[in-house]
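J.: Have a look at the structure that comes next, please.
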Amino acid sequence: MKKSIILLYGIVAYFVFLIAFLYAIGFVGNLFVPKSIDSGTETTLVSALYVNSILLSVFALQHSIMARPSFKKWFISIFSQAMERSTYILLSSLALLLIYWQWQPITTIVWEVENSILSSIITGIYFLGWLIVLLSTFMINHLELFGLAQIFDNLKNRQTPNPKFQTNYLYKIIRHPLMLGFIIAFWATPTMTVGHLLFALVTTIYIFVAVKYLEEKDLRKSIGEKYETYQKEVPMIVPFTRNKFKGR
Ligand SMILES: C[S@@+](CC[C@H](N)C(=O)[O-])C[C@H]1O[C@@H](n2cnc3c(N)ncnc32)[C@H](O)[C@@H]1O
């Protein structure tokens, strides 16, 4: 395929991701956006549980299948290597946009913080969670993670090097800061509804399962002994629960 078309495809995919990412901050936090996790017409509990579970499953399936090395191999054999990450990002973002669009609210309140100072602190923690997510992408390699390095290298006829195994910054403290950021953002809310709780619970379970049984399995395979030592020395997601990391 023409390099300029792949470049355009990758840029479009990145912009769709940016929209999905920024909208997520408004969606989960019930801030700024027209349709959020607790807004919209309320249907029956059964219907909401059914629809929302399907939406979250679509995202989980897309994410899990497309991140498998065997799927990537198959994709590259048909399309271009340069398009693989952008396609993953594009479809993940579209699955997120589908969640925002079709999510059915369940507004029964589980907890509500009435103290305004405490409420502001929790909202601050919420934004801190998103900041951790964003910073972690730069600690790994933002451009590679979102497919931009691949499309620019393709334009210059260069092979994108494998991403460097990162054990510094937040990755010195825990193995999955990006996921910790998501978990913080999904749970830190002054008003927790049943719908929001369902979202936080299912996504948190998915994060743990995907990280432990898929991502870390692949990392052990590709990085080998170095990753096994890293696993022994650095906690998965809760900081300071292991001996101090000795560095690589
Ligand atoms: C969405 S990122 C999430 C990274 C990590 N699970 C986290 O929560 O910070 C997923 C990509 O990061 C890569 N990755 C995970 N840990 C890494 C590390 N320590 N250094 C470099 N890449 C890593 C995985 O191979 C995968 O391609």
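Simple scheme: letters A, B, ... for chains in structure tokens order, numbers from 1 for residues in each chain, numbers from 1 for ligands in the order shown.
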Just want the 12 Å neighbourhood of Arg158 of chain A, counted on only C-alpha atoms, with same-chain residues fewer than 5 positions away dropped. Output as a ChimeraX atom specification.

T.: /A:3,81-82,149-153

J.: Taking only C-alpha atoms and all ligand atoms into account, report as a count of residues only which residues have an atom no farther than 8 Å from an atom of ligand 1.

T.: 25

J.: Run DSSP on the backbone and give me the residues of segment 52-125 of chain A it puts in strand (DSSP E or B), as a list in words.

T.: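 Filtering segment 52-125 of chain A to strand (DSSP E or B) leaves Ile109, Val110, Trp111 and Glu112 of chain A.
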
J.: Mind checking which residues fall within 7 Å of Phe146 of chain A, counting only C-alpha atoms, ignoring those fewer than 6 positions away in the same chain, and posting them as an NGL selection string?

T.: :A and (14 or 85-86 or 89)

J.: Would you kindly return, as a list in words, each protein, DNA or RNA residue with an atom no farther than 9 Å from any atom of Phe182 of chain A, considering only C-alpha atoms and excluding same-chain residues fewer than 4 positions away?

T.: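 The filter keeps Gly129, Trp130, Ile132, Val133, Pro177, Leu178, Phe186, Trp187, Thr203 and Thr204 of chain A.
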
J.: Just to be explicit: take each residue in the selection above, keep N, CA and C atoms, and write the result as a CSV table (one decimal), in the first residue's frame.

T.:
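Saved as selection-v4.csv:
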```
chain,number,residue,atom,x,y,z
A,129,GLY,N,-5.1,10.2,38.3
A,129,GLY,CA,-5.2,8.8,37.7
A,129,GLY,C,-5.0,9.0,36.2
A,130,TRP,N,-5.7,9.9,35.6
A,130,TRP,CA,-5.5,10.1,34.1
A,130,TRP,C,-4.1,10.7,33.8
A,132,ILE,N,-1.4,9.9,35.4
A,132,ILE,CA,-0.5,8.8,35.5
A,132,ILE,C,-0.6,8.0,34.2
A,133,VAL,N,-1.8,7.8,33.7
A,133,VAL,CA,-2.0,7.1,32.4
A,133,VAL,C,-1.2,7.7,31.3
A,177,PRO,N,2.1,0.9,35.8
A,177,PRO,CA,1.6,2.2,36.2
A,177,PRO,C,0.4,2.7,35.4
A,178,LEU,N,0.4,2.4,34.1
A,178,LEU,CA,-0.6,2.8,33.2
A,178,LEU,C,-2.0,2.2,33.7
A,186,PHE,N,-11.0,5.2,37.5
A,186,PHE,CA,-12.4,4.5,37.4
A,186,PHE,C,-13.0,4.5,38.8
A,187,TRP,N,-12.2,4.4,39.9
A,187,TRP,CA,-12.8,4.3,41.2
A,187,TRP,C,-12.9,5.6,42.0
A,203,THR,N,-14.0,-3.4,34.5
A,203,THR,CA,-12.8,-3.0,33.9
A,203,THR,C,-11.6,-3.4,34.8
A,204,THR,N,-11.7,-3.3,36.1
A,204,THR,CA,-10.6,-3.6,37.0
A,204,THR,C,-10.3,-5.1,36.9
```
